[in-house]
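Dumped coords-v8.cif below, it's mmCIF, C-alpha atoms:
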data_start
loop_
_atom_site.label_atom_id
_atom_site.label_comp_id
_atom_site.auth_asym_id
_atom_site.auth_seq_id
_atom_site.Cartn_x
_atom_site.Cartn_y
_atom_site.Cartn_z
CA MET M 16 102.44 184.28 160.74
CA HIS M 17 102.86 180.77 162.13
CA ARG M 18 100.41 181.57 164.89
CA ARG M 19 97.83 182.68 162.37
CA PHE M 20 98.31 179.53 160.40
CA ARG M 21 97.73 177.39 163.45
CA SER M 22 94.53 179.32 164.22
CA LEU M 23 93.13 178.66 160.78
CA THR M 24 94.03 175.01 161.06
CA GLY M 25 92.25 174.70 164.42
CA LEU M 26 89.20 176.46 163.01
CA LEU M 27 89.06 173.94 160.15
CA ILE M 28 89.32 170.98 162.51
CA ALA M 29 86.48 172.38 164.66
CA ILE M 30 84.32 172.84 161.58
CA LEU M 31 84.97 169.23 160.55
CA LEU M 32 84.07 167.91 164.00
CA LEU M 33 80.88 170.00 164.03
CA SER M 34 79.87 168.68 160.65
CA ALA M 35 80.38 165.09 161.84
CA CYS M 36 77.93 165.67 164.71
CA ALA M 37 75.23 167.67 162.90
CA THR M 38 75.77 166.07 159.54
CA PRO M 39 75.94 169.45 157.79
CA GLN M 40 76.64 169.70 154.12
CA VAL M 41 79.69 171.78 153.29
CA ILE M 42 79.30 173.60 150.05
CA PRO M 43 82.54 175.32 149.16
CA THR M 44 82.00 178.73 147.62
CA GLN M 45 85.40 178.77 146.12
CA ALA M 46 87.64 176.15 144.85
CA ILE M 47 90.69 175.88 146.96
CA PRO M 48 93.56 177.01 144.80
CA GLU M 49 96.69 175.08 144.66
CA GLN M 50 98.74 176.08 147.63
CA PRO M 51 101.74 178.06 146.51
CA SER M 52 105.07 177.55 147.97
CA LEU M 53 105.34 179.64 151.05
CA SER M 54 108.19 181.89 151.57
CA PRO M 55 109.07 183.61 154.75
CA THR M 56 108.02 186.99 153.28
CA SER M 57 104.71 185.89 151.58
CA PRO M 58 101.50 185.86 153.62
CA PRO M 59 99.32 182.65 153.38
CA PRO M 60 96.49 182.78 150.91
CA ALA M 61 93.14 183.53 152.36
CA TRP M 62 89.94 181.47 151.72
CA THR M 63 86.44 181.41 153.09
CA ALA M 64 83.94 178.58 153.58
CA THR M 65 80.20 178.93 153.99
CA LEU M 66 78.44 176.34 156.18
CA VAL M 67 75.00 175.50 154.86
CA PRO M 68 73.22 173.33 157.38
CA THR M 69 71.07 170.66 155.93
CA ASP M 70 67.66 169.82 157.22
CA PRO M 71 67.76 167.24 159.96
CA PRO M 72 66.97 163.80 158.67
CA THR M 73 63.32 163.03 158.68
CA PRO M 74 62.83 160.19 161.06
CA SER M 75 61.47 157.20 159.33
CA ALA M 76 58.04 156.10 160.30
CA THR M 77 57.92 153.79 163.25
CA PRO M 78 57.56 150.33 161.75
CA THR M 79 54.32 148.68 162.51
CA ILE M 80 54.94 145.34 164.15
CA THR M 81 52.82 142.72 162.51
CA ARG M 82 52.22 139.85 164.88
CA THR M 83 53.03 136.62 163.27
CA SER M 84 50.38 134.07 163.92
CA THR M 85 51.40 131.43 166.39
CA PHE M 86 52.42 128.18 164.72
CA THR M 87 49.88 125.54 165.45
CA ARG M 88 51.31 122.02 165.22
CA THR M 89 49.21 119.82 163.06
CA PRO M 90 48.66 116.57 164.94
CA THR M 91 50.22 113.55 163.34
CA VAL M 92 47.58 111.46 161.70
CA THR M 93 47.72 107.92 162.96
CA ALA M 94 46.82 105.59 160.17
CA THR M 95 43.91 103.38 160.96
CA PRO M 96 45.12 99.79 160.49
CA THR M 97 43.53 98.13 157.55
CA GLN M 98 41.47 95.20 158.64
CA THR M 99 42.67 92.03 156.98
CA LEU M 100 39.74 89.81 156.35
CA THR M 101 40.27 86.22 157.39
CA PRO M 102 39.53 84.07 154.39
CA SER M 103 36.52 81.97 154.94
CA ILE M 104 37.21 78.28 155.16
CA THR M 105 35.55 76.34 152.46
CA PRO M 106 34.52 73.09 154.07
CA SER M 107 35.84 70.04 152.33
CA PRO M 108 33.09 67.83 151.13
CA THR M 109 32.48 65.10 153.64
CA TYR M 110 33.09 61.75 152.09
CA ALA M 111 30.21 59.40 152.74
CA LEU M 112 31.45 55.95 153.56
CA PRO M 113 29.79 53.14 151.64
CA THR M 114 27.04 51.22 153.37
CA LEU M 115 25.75 47.72 152.90
CA VAL M 116 22.79 45.46 153.48
CA VAL M 117 23.30 41.75 154.12
CA LYS M 118 21.67 39.56 151.47
CA MET M 119 21.80 36.25 153.38
CA GLN M 120 23.03 34.81 156.64
CA ALA M 121 26.80 35.25 156.87
CA ASN M 122 29.69 35.09 159.29
CA CYS M 123 31.58 38.30 160.00
CA ARG M 124 35.18 37.26 160.78
CA TYR M 125 38.40 38.60 162.37
CA GLY M 126 40.17 38.66 159.01
CA PRO M 127 39.50 38.70 155.26
CA GLY M 128 38.98 34.97 154.66
CA VAL M 129 37.19 31.87 155.85
CA ALA M 130 40.40 30.77 157.62
CA TYR M 131 39.77 33.41 160.32
CA LEU M 132 37.67 32.88 163.41
CA TYR M 133 34.02 33.80 163.49
CA ALA M 134 33.45 37.19 165.11
CA TRP M 135 29.75 37.94 164.63
CA GLY M 136 26.72 36.56 162.84
CA MET M 137 24.99 38.70 160.20
CA TYR M 138 21.46 38.05 158.97
CA THR M 139 19.40 39.07 155.98
CA GLY M 140 18.59 42.79 156.15
CA ASP M 141 21.33 43.67 158.65
CA THR M 142 23.13 46.91 157.81
CA ALA M 143 26.66 48.18 158.30
CA THR M 144 29.12 50.90 157.27
CA VAL M 145 32.14 49.87 155.19
CA TRP M 146 35.41 51.14 156.73
CA GLY M 147 37.96 49.33 154.55
CA ARG M 148 38.71 46.45 152.24
CA ASN M 149 41.34 43.89 151.27
CA PRO M 150 43.51 44.67 148.19
CA SER M 151 41.09 43.05 145.76
CA GLY M 152 37.90 44.32 147.39
CA THR M 153 36.55 40.79 147.79
CA TRP M 154 36.39 41.20 151.59
CA LEU M 155 35.10 44.26 153.40
CA TRP M 156 36.04 45.58 156.83
CA ILE M 157 32.77 46.79 158.28
CA GLN M 158 31.19 48.36 161.34
CA PRO M 159 27.86 46.56 161.81
CA ASP M 160 25.08 48.79 163.11
CA ASN M 161 24.18 46.30 165.87
CA ILE M 162 27.61 45.73 167.50
CA ALA M 163 30.40 47.96 168.85
CA TYR M 164 33.39 46.43 167.03
CA GLN M 165 34.48 45.76 163.46
CA CYS M 166 34.79 42.55 161.48
CA TRP M 167 35.26 41.26 157.93
CA ILE M 168 32.54 40.00 155.59
CA ALA M 169 32.68 38.61 152.05
CA ALA M 170 31.58 41.21 149.47
CA SER M 171 29.60 38.54 147.61
CA LEU M 172 27.16 38.25 150.55
CA VAL M 173 26.08 41.92 150.72
CA ASP M 174 24.59 44.71 148.62
CA VAL M 175 26.83 47.79 148.79
CA THR M 176 25.89 51.44 148.22
CA GLY M 177 29.02 53.39 147.27
CA ASP M 178 32.43 52.62 145.80
CA VAL M 179 34.45 50.42 148.17
CA MET M 180 37.57 50.71 145.99
CA LEU M 181 37.91 54.33 147.14
CA LEU M 182 38.55 53.02 150.64
CA ARG M 183 41.98 52.22 152.04
CA THR M 184 43.27 48.70 152.36
CA ALA M 185 42.59 47.89 156.00
CA PRO M 186 45.12 46.08 158.21
CA VAL M 187 44.16 42.82 159.88
CA ARG M 188 43.88 43.14 163.67
CA LEU M 189 43.71 39.73 165.30
CA PRO M 190 42.63 39.20 168.90
CA HIS M 191 45.67 38.08 170.88
CA SER M 192 45.74 34.94 173.01
CA VAL M 193 48.13 34.31 175.90
CA LEU M 194 46.65 31.00 177.04
CA TYR M 195 48.88 28.94 174.75
CA GLY M 196 52.24 29.26 173.09
CA PRO M 197 53.04 29.46 169.38
CA PRO M 198 54.01 26.34 167.41
CA THR M 199 57.56 25.01 167.68
CA GLY M 200 59.73 22.63 165.68
CA ILE M 201 58.76 24.21 162.34
CA THR M 202 60.34 22.84 159.13
CA ALA M 203 59.61 23.34 155.42
CA GLY M 204 60.70 21.29 152.40
CA ARG M 205 60.35 21.84 148.66
CA ASP M 206 59.58 19.32 145.92
CA GLY M 207 59.39 21.25 142.67
CA ASP M 208 56.59 23.76 143.06
CA SER M 209 55.26 22.08 146.24
CA VAL M 210 56.34 23.23 149.69
CA THR M 211 55.34 21.19 152.75
CA VAL M 212 55.43 22.79 156.18
CA THR M 213 55.37 20.74 159.42
CA TRP M 214 55.46 21.63 163.15
CA GLU M 215 54.88 20.13 166.57
CA ARG M 216 51.43 19.98 168.09
CA VAL M 217 50.44 22.51 170.75
CA ASN M 218 48.44 20.89 173.57
CA MET M 219 45.10 22.67 174.08
CA THR M 220 41.83 21.74 175.71
CA GLU M 221 39.24 20.32 173.34
CA ASP M 222 36.99 23.31 173.97
CA ASP M 223 39.70 25.86 173.15
CA ASP M 224 41.36 24.04 170.28
CA ARG M 225 40.83 25.72 166.93
CA GLY M 226 43.93 24.29 165.27
CA TYR M 227 46.46 26.45 163.37
CA MET M 228 46.51 29.16 160.76
CA ILE M 229 49.13 30.08 158.15
CA GLU M 230 49.27 33.47 156.40
CA ALA M 231 51.43 33.11 153.28
CA ASN M 232 52.64 35.05 150.23
CA LEU M 233 53.13 32.47 147.51
CA CYS M 234 54.42 32.64 143.94
CA GLN M 235 51.65 31.70 141.56
CA GLY M 236 51.48 32.72 137.91
CA GLY M 237 54.60 34.85 138.25
CA TYR M 238 53.20 37.00 141.09
CA LEU M 239 53.11 36.78 144.86
CA VAL M 240 49.60 35.89 146.00
CA TRP M 241 48.46 36.36 149.59
CA MET M 242 46.35 33.66 151.24
CA ALA M 243 45.38 32.45 154.70
CA VAL M 244 44.67 28.79 155.45
CA ALA M 245 43.42 27.02 158.59
CA THR M 246 44.09 23.42 159.52
CA MET M 247 43.67 21.11 162.48
CA ASP M 248 46.71 19.07 161.40
CA THR M 249 50.39 19.79 162.07
CA THR M 250 51.33 19.86 158.39
CA TYR M 251 50.28 21.72 155.25
CA THR M 252 51.40 21.67 151.60
CA PHE M 253 51.38 24.77 149.38
CA THR M 254 51.83 25.35 145.67
CA ASP M 255 54.69 27.80 145.34
CA GLU M 256 56.39 28.40 142.00
CA THR M 257 60.00 29.55 141.67
CA SER M 258 59.51 32.09 138.87
CA CYS M 259 58.88 35.17 141.03
CA THR M 260 61.56 37.79 141.65
CA GLU M 261 60.22 38.34 145.18
CA LEU M 262 60.70 35.68 147.84
CA SER M 263 57.77 33.72 149.20
CA ASN M 264 57.17 33.81 152.95
CA ALA M 265 54.68 32.68 155.60
CA LEU M 266 53.68 32.98 159.28
CA LEU M 267 52.29 30.21 161.51
CA TYR M 268 49.83 30.79 164.42
CA THR M 269 48.34 28.63 167.13
CA VAL M 270 44.58 29.29 167.22
CA GLU M 271 42.26 28.91 170.18
CA LYS M 272 38.70 30.13 170.50
CA HIS M 273 39.72 33.42 172.16
CA GLY M 274 42.26 34.44 169.55
CA TYR M 275 45.72 33.90 168.09
CA THR M 276 49.19 33.46 169.52
CA ASP M 277 52.18 35.46 168.33
CA PRO M 278 53.10 34.31 164.81
CA VAL M 279 56.27 32.37 164.01
CA PRO M 280 58.02 32.87 160.64
CA ILE M 281 58.30 29.69 158.58
CA PRO M 282 61.80 29.02 157.19
CA TRP M 283 60.72 29.04 153.54
CA PRO M 284 62.82 26.84 151.22
#
Rewrite the structure of this file - the entire thing - as structure tokens.
Amino acid sequence: MHRRFRSLTGLLIAILLLSACATPQVIPTQAIPEQPSLSPTSPPPAWTATLVPTDPPTPSATPTITRTSTFTRTPTVTATPTQTLTPSITPSPTYALPTLVVKMQANCRYGPGVAYLYAWGMYTGDTATVWGRNPSGTWLWIQPDNIAYQCWIAASLVDVTGDVMLLRTAPVRLPHSVLYGPPTGITAGRDGDSVTVTWERVNMTEDDDRGYMIEANLCQGGYLVWMAVATMDTTYTFTDETSCTELSNALLYTVEKHGYTDPVPIPWP
């Protein structure tokens, strides 16, 4: 009986292995009853199983391989630099310097005043360009059309086209002399509003001797007033009030026909 039981068990295992390989479907024709307790005298219950093979699986259709289009790299677009337009330069209006015509014969000098040496002679109808002026505009620093250097002329002696007060105040550039030395022994004394300056004579030849010149800032009417004076003497008296807040001052030059020595400050009282 045990041998028969083992044979049935082996048959069942073989059926199970066969079904795993062929994928058959086992349809039991009879429900397996609950196994009764076996006794040594009872034979094992008998059962039967019918194998119903199933149709082999239908192979799926071979997938069609769709070729994916090759990726084409889009070239990077390089931005065209924007052209920056250079702003056009608006030309500044050119300022036309004033011009003048000489009304009568006049001396054009090295400085703005009759105390300065003669530099050039101007005649009626002569023309020039005005390059500058003194603070009051009463003397003009000009470039005559018939010489290569500049000089000063009195505004009252010329007819001017243009506004000279738009021009800068021009500095005085004196020709320098090295033939003689500056004055020495300078003193100054005050008597009320009068200041007298004295100095020692500088020996010069008669042909060269043009005396002396003083450029001074003097207190008059409560304001400092600039003036230049020339003298052949070795003394000069000025009117200089004491009501100004700024101090008066002056410079003394030796003058010869070629120019001026270095100035010496006057010890103003």
request  = Excluding Val240 in chain M and any residue of its chain fewer than 4 positions from it, enumerate the residues within 10 Å of it, using all atoms listed in the file, and give them as a PyMOL selection string.
outcome  = chain M and resi 231-236+255+263
ask   = Applied to the shown file, which residues does the PyMOL selection byres ((chain M and resi 118-128) around 10) return, written as a ChimeraX atom specification?
value = /M:115-117,129-142,148-149,152-157,159,165-169,171-174,185-190,242-245,274
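Nearest residue to Tyr110 in chain M among M:Ser151, M:Ile162, M:Ser258, M:Leu182 is M:Leu182, counting all atoms listed in the file.
Straight-line separation from CA of Arg216 in chain M to CA of Pro280 in chain M: 16.3 Å.
For the set M:Leu112, M:Asp277, M:Asn264, M:Ala143, the residue with the smallest atom-to-atom gap to Glu230 in chain M is M:Asn264, counting all atoms listed in the file.
Comparing the minimum interatomic distances between Thr250 in chain M and each of M:Tyr227, M:Ala163, M:Ser192, M:Thr276, counting all atoms listed in the file, we find that M:Tyr227 sits nearest.
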What's the 8 Å shell around Val210 in chain M, counting only C-alpha atoms, without same-chain residues fewer than 4 positions away, as a JSON list (two decimals) with C-alpha atoms, in the frame of the given file?
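Written file, selection-v2.json:
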[["chain", "number", "residue", "atom", "x", "y", "z"],
["M", 203, "ALA", "CA", 59.61, 23.34, 155.42],
["M", 204, "GLY", "CA", 60.70, 21.29, 152.40],
["M", 205, "ARG", "CA", 60.35, 21.84, 148.66],
["M", 206, "ASP", "CA", 59.58, 19.32, 145.92],
["M", 252, "THR", "CA", 51.40, 21.67, 151.60],
["M", 253, "PHE", "CA", 51.38, 24.77, 149.38],
["M", 254, "THR", "CA", 51.83, 25.35, 145.67],
["M", 255, "ASP", "CA", 54.69, 27.80, 145.34],
["M", 284, "PRO", "CA", 62.82, 26.84, 151.22]]
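As for CA of Met180 in chain M and CA of Asn161 in chain M, they are spaced 24.4 Å apart.
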key: Coordinates-based distance that separates CA of Glu221 in chain M from CA of Ile201 in chain M (Å, one decimal)   = 22.7 Å
inquiry  = Here's a test: counting all atoms listed in the file, identify every protein, DNA and RNA residue with an atom at most 6 Å from (52.2, 26.9, 158.5) in the file's coordinate frame, and state them as a PyMOL selection string.
reply    = chain M and resi 212+229+267
key: Surrounding residues of Met219 in chain M excluding itself and chain neighbours under 4 positions, 10 Å, only C-alpha atoms, as an MDAnalysis selection string   = chainID M and resid 194:196 223:226 269:271
N, CA and C atoms of range 176-192 of chain M from block above, as a PDB file, in the first residue's frame:
ATOM      1  N   THR M 176      35.245 146.982 -33.314  1.00  0.00           N
ATOM      2  CA  THR M 176      34.091 146.162 -33.711  1.00  0.00           C
ATOM      3  C   THR M 176      34.087 144.929 -32.814  1.00  0.00           C
ATOM      4  N   GLY M 177      33.044 144.816 -31.975  1.00  0.00           N
ATOM      5  CA  GLY M 177      32.975 143.715 -31.019  1.00  0.00           C
ATOM      6  C   GLY M 177      32.998 144.233 -29.593  1.00  0.00           C
ATOM      7  N   ASP M 178      32.740 143.332 -28.646  1.00  0.00           N
ATOM      8  CA  ASP M 178      32.669 143.697 -27.235  1.00  0.00           C
ATOM      9  C   ASP M 178      33.976 143.307 -26.545  1.00  0.00           C
ATOM     10  N   VAL M 179      34.801 144.305 -26.232  1.00  0.00           N
ATOM     11  CA  VAL M 179      36.097 144.015 -25.605  1.00  0.00           C
ATOM     12  C   VAL M 179      35.944 143.561 -24.158  1.00  0.00           C
ATOM     13  N   MET M 180      34.816 143.839 -23.521  1.00  0.00           N
ATOM     14  CA  MET M 180      34.635 143.441 -22.124  1.00  0.00           C
ATOM     15  C   MET M 180      34.392 141.934 -21.982  1.00  0.00           C
ATOM     16  N   LEU M 181      34.176 141.245 -23.094  1.00  0.00           N
ATOM     17  CA  LEU M 181      34.089 139.787 -23.059  1.00  0.00           C
ATOM     18  C   LEU M 181      35.473 139.139 -23.025  1.00  0.00           C
ATOM     19  N   LEU M 182      36.500 139.925 -23.254  1.00  0.00           N
ATOM     20  CA  LEU M 182      37.864 139.416 -23.266  1.00  0.00           C
ATOM     21  C   LEU M 182      38.414 139.342 -21.843  1.00  0.00           C
ATOM     22  N   ARG M 183      39.426 138.497 -21.677  1.00  0.00           N
ATOM     23  CA  ARG M 183      40.079 138.374 -20.382  1.00  0.00           C
ATOM     24  C   ARG M 183      40.946 139.590 -20.098  1.00  0.00           C
ATOM     25  N   THR M 184      41.219 139.803 -18.825  1.00  0.00           N
ATOM     26  CA  THR M 184      42.169 140.829 -18.439  1.00  0.00           C
ATOM     27  C   THR M 184      43.567 140.296 -18.722  1.00  0.00           C
ATOM     28  N   ALA M 185      44.293 140.952 -19.572  1.00  0.00           N
ATOM     29  CA  ALA M 185      45.592 140.443 -20.025  1.00  0.00           C
ATOM     30  C   ALA M 185      46.692 140.844 -19.037  1.00  0.00           C
ATOM     31  N   PRO M 186      47.664 139.944 -18.814  1.00  0.00           N
ATOM     32  CA  PRO M 186      48.805 140.302 -17.970  1.00  0.00           C
ATOM     33  C   PRO M 186      49.762 141.222 -18.731  1.00  0.00           C
ATOM     34  N   VAL M 187      50.551 141.952 -17.979  1.00  0.00           N
ATOM     35  CA  VAL M 187      51.543 142.841 -18.586  1.00  0.00           C
ATOM     36  C   VAL M 187      52.861 142.085 -18.683  1.00  0.00           C
ATOM     37  N   ARG M 188      53.398 141.986 -19.886  1.00  0.00           N
ATOM     38  CA  ARG M 188      54.659 141.292 -20.128  1.00  0.00           C
ATOM     39  C   ARG M 188      55.701 142.319 -20.579  1.00  0.00           C
ATOM     40  N   LEU M 189      56.590 142.664 -19.680  1.00  0.00           N
ATOM     41  CA  LEU M 189      57.579 143.692 -19.969  1.00  0.00           C
ATOM     42  C   LEU M 189      58.859 143.070 -20.530  1.00  0.00           C
ATOM     43  N   PRO M 190      59.469 143.705 -21.515  1.00  0.00           N
ATOM     44  CA  PRO M 190      60.769 143.228 -21.983  1.00  0.00           C
ATOM     45  C   PRO M 190      61.807 143.406 -20.877  1.00  0.00           C
ATOM     46  N   HIS M 191      62.635 142.379 -20.685  1.00  0.00           N
ATOM     47  CA  HIS M 191      63.563 142.389 -19.550  1.00  0.00           C
ATOM     48  C   HIS M 191      64.938 142.910 -19.982  1.00  0.00           C
ATOM     49  N   SER M 192      65.512 143.748 -19.145  1.00  0.00           N
ATOM     50  CA  SER M 192      66.845 144.293 -19.401  1.00  0.00           C
ATOM     51  C   SER M 192      67.836 143.753 -18.382  1.00  0.00           C
TER      52      SER M 192
END
